[in-house]
file input_30.csv (CSV, C-alpha atoms)
chain,number,residue,atom,x,y,z
J,1,MET,CA,-87.4,-168.6,-64.5
J,2,PHE,CA,-89.2,-165.9,-66.5
J,3,LEU,CA,-87.0,-166.3,-69.6
J,4,THR,CA,-86.7,-170.1,-69.8
J,5,ASN,CA,-87.2,-171.9,-73.0
J,6,ASP,CA,-90.7,-173.0,-71.9
J,7,SER,CA,-91.7,-169.4,-71.0
J,8,ILE,CA,-94.9,-168.1,-72.5
J,9,PHE,CA,-93.1,-164.8,-73.2
J,10,ILE,CA,-90.5,-166.6,-75.4
J,11,LYS,CA,-93.3,-168.4,-77.3
J,12,ILE,CA,-95.2,-165.3,-78.0
J,13,PHE,CA,-92.1,-163.4,-79.0
J,14,LYS,CA,-91.1,-166.1,-81.4
J,15,THR,CA,-94.6,-166.3,-82.9
J,16,LEU,CA,-94.8,-162.5,-83.4
J,17,PHE,CA,-91.3,-162.3,-84.8
J,18,PHE,CA,-92.1,-165.1,-87.3
J,19,ALA,CA,-95.4,-163.4,-88.3
J,20,ILE,CA,-93.7,-160.0,-88.8
J,21,VAL,CA,-90.9,-161.5,-90.9
J,22,SER,CA,-93.4,-163.6,-93.0
J,23,PHE,CA,-95.7,-160.6,-93.6
J,24,THR,CA,-92.8,-158.3,-94.6
J,25,THR,CA,-91.4,-161.0,-97.0
J,26,ILE,CA,-94.9,-161.5,-98.6
J,27,PHE,CA,-95.4,-157.7,-98.9
J,28,ALA,CA,-91.9,-157.2,-100.5
J,29,ILE,CA,-92.5,-159.9,-103.1
J,30,TYR,CA,-95.9,-158.5,-104.0
J,31,SER,CA,-94.5,-154.9,-104.2
J,32,ILE,CA,-91.7,-156.0,-106.5
J,33,SER,CA,-94.0,-157.9,-108.9
J,34,ASN,CA,-96.5,-155.0,-108.8
J,35,GLN,CA,-93.7,-152.5,-109.6
J,36,LYS,CA,-92.5,-154.5,-112.6
J,37,ASP,CA,-96.1,-154.6,-113.9
J,38,GLN,CA,-96.4,-150.8,-113.5
J,39,ILE,CA,-93.1,-150.2,-115.3
J,40,HIS,CA,-94.2,-152.5,-118.1
J,41,LYS,CA,-97.5,-150.6,-118.4
J,42,SER,CA,-95.7,-147.3,-118.3
J,43,MET,CA,-93.2,-148.4,-121.1
J,44,ASN,CA,-96.1,-149.6,-123.2
J,45,LEU,CA,-97.9,-146.2,-122.9
J,46,GLN,CA,-94.7,-144.3,-123.6
J,47,ALA,CA,-93.9,-146.5,-126.7
J,48,ASN,CA,-97.4,-146.3,-127.9
J,49,SER,CA,-97.4,-142.5,-127.8
J,50,TYR,CA,-94.0,-142.4,-129.5
J,51,ALA,CA,-95.3,-144.7,-132.2
J,52,LYS,CA,-98.4,-142.7,-132.9
J,53,MET,CA,-96.4,-139.5,-133.0
J,54,ILE,CA,-93.8,-141.0,-135.4
J,55,ILE,CA,-96.5,-142.5,-137.7
J,56,ASN,CA,-98.6,-139.4,-137.8
J,57,TYR,CA,-95.6,-137.2,-138.6
J,58,SER,CA,-94.1,-139.5,-141.3
J,59,SER,CA,-97.2,-140.9,-142.9
J,60,ASP,CA,-96.8,-139.0,-146.1
J,61,ALA,CA,-93.2,-140.3,-146.5
J,62,ILE,CA,-94.3,-143.9,-145.7
J,63,VAL,CA,-97.0,-143.8,-148.4
J,64,SER,CA,-94.7,-142.1,-151.0
J,65,HIS,CA,-91.8,-144.4,-150.0
J,66,ASP,CA,-89.6,-141.4,-149.3
J,67,SER,CA,-86.8,-143.3,-147.5
J,68,SER,CA,-84.5,-140.3,-147.2
J,69,PHE,CA,-87.1,-138.4,-145.2
J,70,LEU,CA,-87.8,-141.4,-143.0
J,71,VAL,CA,-84.1,-142.0,-142.2
J,72,ASP,CA,-83.5,-138.3,-141.5
J,73,PHE,CA,-86.6,-138.0,-139.3
J,74,TYR,CA,-86.0,-141.2,-137.4
J,75,TYR,CA,-82.3,-140.4,-136.9
J,76,LYS,CA,-83.2,-136.9,-135.5
J,77,PHE,CA,-85.9,-138.4,-133.3
J,78,LEU,CA,-83.5,-141.0,-131.8
J,79,LYS,CA,-80.9,-138.3,-131.1
J,80,GLU,CA,-83.4,-136.2,-129.2
J,81,ASN,CA,-84.9,-139.1,-127.2
J,82,ASP,CA,-82.6,-140.9,-124.8
J,83,SER,CA,-85.3,-143.5,-124.0
J,84,LEU,CA,-85.1,-145.0,-127.5
J,85,SER,CA,-82.1,-146.8,-129.0
J,86,THR,CA,-83.4,-148.2,-132.3
J,87,LEU,CA,-86.3,-147.6,-134.7
J,88,ILE,CA,-87.1,-150.0,-137.4
J,89,ILE,CA,-89.7,-149.5,-140.1
J,90,ASN,CA,-90.6,-152.8,-141.8
J,91,THR,CA,-92.8,-152.2,-144.8
J,92,LYS,CA,-93.7,-154.5,-147.7
J,93,ASN,CA,-91.1,-152.8,-149.9
J,94,GLU,CA,-88.2,-152.2,-147.5
J,95,ASN,CA,-86.7,-152.4,-144.0
J,96,ILE,CA,-85.1,-149.2,-142.5
J,97,ILE,CA,-83.1,-149.7,-139.3
J,98,VAL,CA,-82.0,-146.5,-137.6
J,99,ARG,CA,-79.8,-146.6,-134.6
J,100,LYS,CA,-78.1,-143.7,-132.8
J,101,GLU,CA,-74.8,-144.8,-134.4
J,102,GLY,CA,-76.2,-144.8,-138.0
J,103,TRP,CA,-78.7,-146.5,-140.3
J,104,THR,CA,-79.1,-149.4,-142.7
J,105,LEU,CA,-81.5,-150.1,-145.5
J,106,ASN,CA,-83.0,-153.5,-146.3
J,107,GLU,CA,-81.0,-155.3,-143.6
J,108,LYS,CA,-82.8,-158.4,-142.4
J,109,ILE,CA,-84.5,-157.8,-139.0
J,110,ASN,CA,-84.4,-160.1,-136.0
J,111,GLU,CA,-86.8,-163.1,-136.3
J,112,GLU,CA,-88.2,-162.4,-132.8
J,113,PHE,CA,-89.3,-159.0,-134.1
J,114,SER,CA,-91.1,-160.6,-137.0
J,115,LYS,CA,-92.8,-163.0,-134.7
J,116,LEU,CA,-94.2,-160.2,-132.6
J,117,GLU,CA,-95.9,-158.8,-135.7
J,118,LEU,CA,-98.0,-161.9,-135.9
J,119,GLN,CA,-98.9,-162.2,-132.2
J,120,SER,CA,-101.4,-160.2,-130.3
J,121,GLN,CA,-98.6,-159.3,-127.8
J,122,LYS,CA,-96.9,-156.2,-129.1
J,123,SER,CA,-94.1,-155.8,-126.6
J,124,LYS,CA,-91.4,-158.0,-125.2
J,125,ILE,CA,-88.3,-157.9,-123.1
J,126,ILE,CA,-85.4,-159.0,-125.3
J,127,GLU,CA,-81.6,-159.3,-125.0
J,128,ILE,CA,-79.3,-158.0,-127.8
J,129,ASP,CA,-75.6,-158.0,-127.4
J,130,ASN,CA,-75.8,-158.6,-123.7
J,131,LYS,CA,-78.1,-155.6,-123.2
J,132,ILE,CA,-81.7,-155.8,-122.2
J,133,PHE,CA,-84.3,-153.9,-124.2
J,134,PHE,CA,-88.0,-153.3,-124.2
J,135,HIS,CA,-89.1,-154.0,-127.7
J,136,TYR,CA,-92.4,-152.6,-128.9
J,137,VAL,CA,-94.2,-153.3,-132.2
J,138,TYR,CA,-96.8,-150.9,-133.7
J,139,PRO,CA,-98.8,-151.5,-136.9
J,140,ILE,CA,-98.6,-148.8,-139.6
J,141,ASN,CA,-102.3,-148.6,-140.7
J,142,LEU,CA,-102.7,-145.8,-143.3
J,143,LEU,CA,-105.5,-145.2,-145.7
J,144,GLY,CA,-107.4,-148.3,-144.5
J,145,SER,CA,-104.6,-150.8,-145.1
J,146,ASN,CA,-101.6,-152.2,-143.4
J,147,TRP,CA,-98.4,-150.6,-144.7
J,148,GLY,CA,-96.0,-152.4,-142.3
J,149,TRP,CA,-94.7,-152.3,-138.8
J,150,LEU,CA,-92.8,-149.9,-136.6
J,151,HIS,CA,-90.4,-151.5,-134.1
J,152,MET,CA,-88.8,-149.6,-131.2
J,153,ASN,CA,-86.1,-150.7,-128.8
J,154,MET,CA,-86.0,-149.0,-125.4
J,155,PRO,CA,-83.0,-149.7,-123.1
J,156,LEU,CA,-84.0,-150.9,-119.7
J,157,GLU,CA,-80.9,-149.9,-117.7
J,158,ASP,CA,-82.5,-146.6,-116.5
J,159,TYR,CA,-85.8,-148.3,-115.5
J,160,TYR,CA,-84.0,-151.1,-113.6
J,161,ASN,CA,-81.9,-148.6,-111.8
J,162,LYS,CA,-84.9,-146.7,-110.5
call {"tool": "encode", "arguments": {"input": "input_30.csv", "output": "structure tokens"}}
result
Amino acid sequence: MFLTNDSIFIKIFKTLFFAIVSFTTIFAIYSISNQKDQIHKSMNLQANSYAKMIINYSSDAIVSHDSSFLVDFYYKFLKENDSLSTLIINTKNENIIVRKEGWTLNEKINEEFSKLELQSQKSKIIEIDNKIFFHYVYPINLLGSNWGWLHMNMPLEDYYNK
């Protein structure tokens, strides 16, 4: 008689079980979305610090259009940093695309990258060759004028695996 379908114990147990499952589900959904936001903020900060360091170190070469120094510096920088896969400097005179595998000069850059230069949003999750990247755009402002844009691709596999 105690555990019949109409028992108050069964009704309370079902209600508590439903409440606990609902609360856990809502908490999990909130935690996952909050974690994604925190990862995005972290990647923005990391990319911003990389961009400032790169621009400060290579500002003389950018102003003097010393492409050989820029390619050499960017290539070494990429080799030393596993969190970056591609660096692109897009100036008024040239585009330099440096990857870990090599570099190209004056290759046309992806249109999505160019659109980010015009928007207030400076980062975006993109897919290239079935791989997902965090793409960050940073303006190159030297001597009071805009000299171009620095683009960085950071692979997301490590961040999604954490």
call {"tool": "closest_atom_pairs", "arguments": {"input": "input_30.csv", "of": "stretch 1-116 of chain J", "to": "stretch 137-157 of chain J", "cutoff": "7 Å", "atoms": "all atoms listed in the file", "output": "Markdown table"}}
result
| residue | atom | partner | partner_atom | distance |
| --- | --- | --- | --- | --- |
| J:Ala51 | CA | J:Tyr138 | CA | 6.6 |
| J:Ile55 | CA | J:Ile140 | CA | 6.9 |
| J:Ser83 | CA | J:Met154 | CA | 5.7 |
| J:Leu84 | CA | J:Met154 | CA | 4.6 |
| J:Ser85 | CA | J:Asn153 | CA | 5.6 |
| J:Thr86 | CA | J:Asn153 | CA | 5.1 |
| J:Leu87 | CA | J:Met152 | CA | 4.7 |
| J:Ile88 | CA | J:His151 | CA | 4.9 |
| J:Ile89 | CA | J:Leu150 | CA | 4.7 |
| J:Asn90 | CA | J:Trp149 | CA | 5.1 |
| J:Thr91 | CA | J:Gly148 | CA | 4.1 |
| J:Lys92 | CA | J:Gly148 | CA | 6.2 |
| J:Leu116 | CA | J:Val137 | CA | 6.9 |
call {"tool": "atom_distance", "arguments": {"input": "input_30.csv", "atom1": "atom CA of J:Tyr75", "atom2": "atom CA of J:Gln38"}}
result
29.2 Å
call {"tool": "atom_distance", "arguments": {"input": "input_30.csv", "atom1": "atom CA of J:Ser59", "atom2": "atom CA of J:Glu101"}}
result
24.3 Å
call {"tool": "atom_distance", "arguments": {"input": "input_30.csv", "atom1": "atom CA of J:Glu94", "atom2": "atom CA of J:Val63"}}
result
12.2 Å
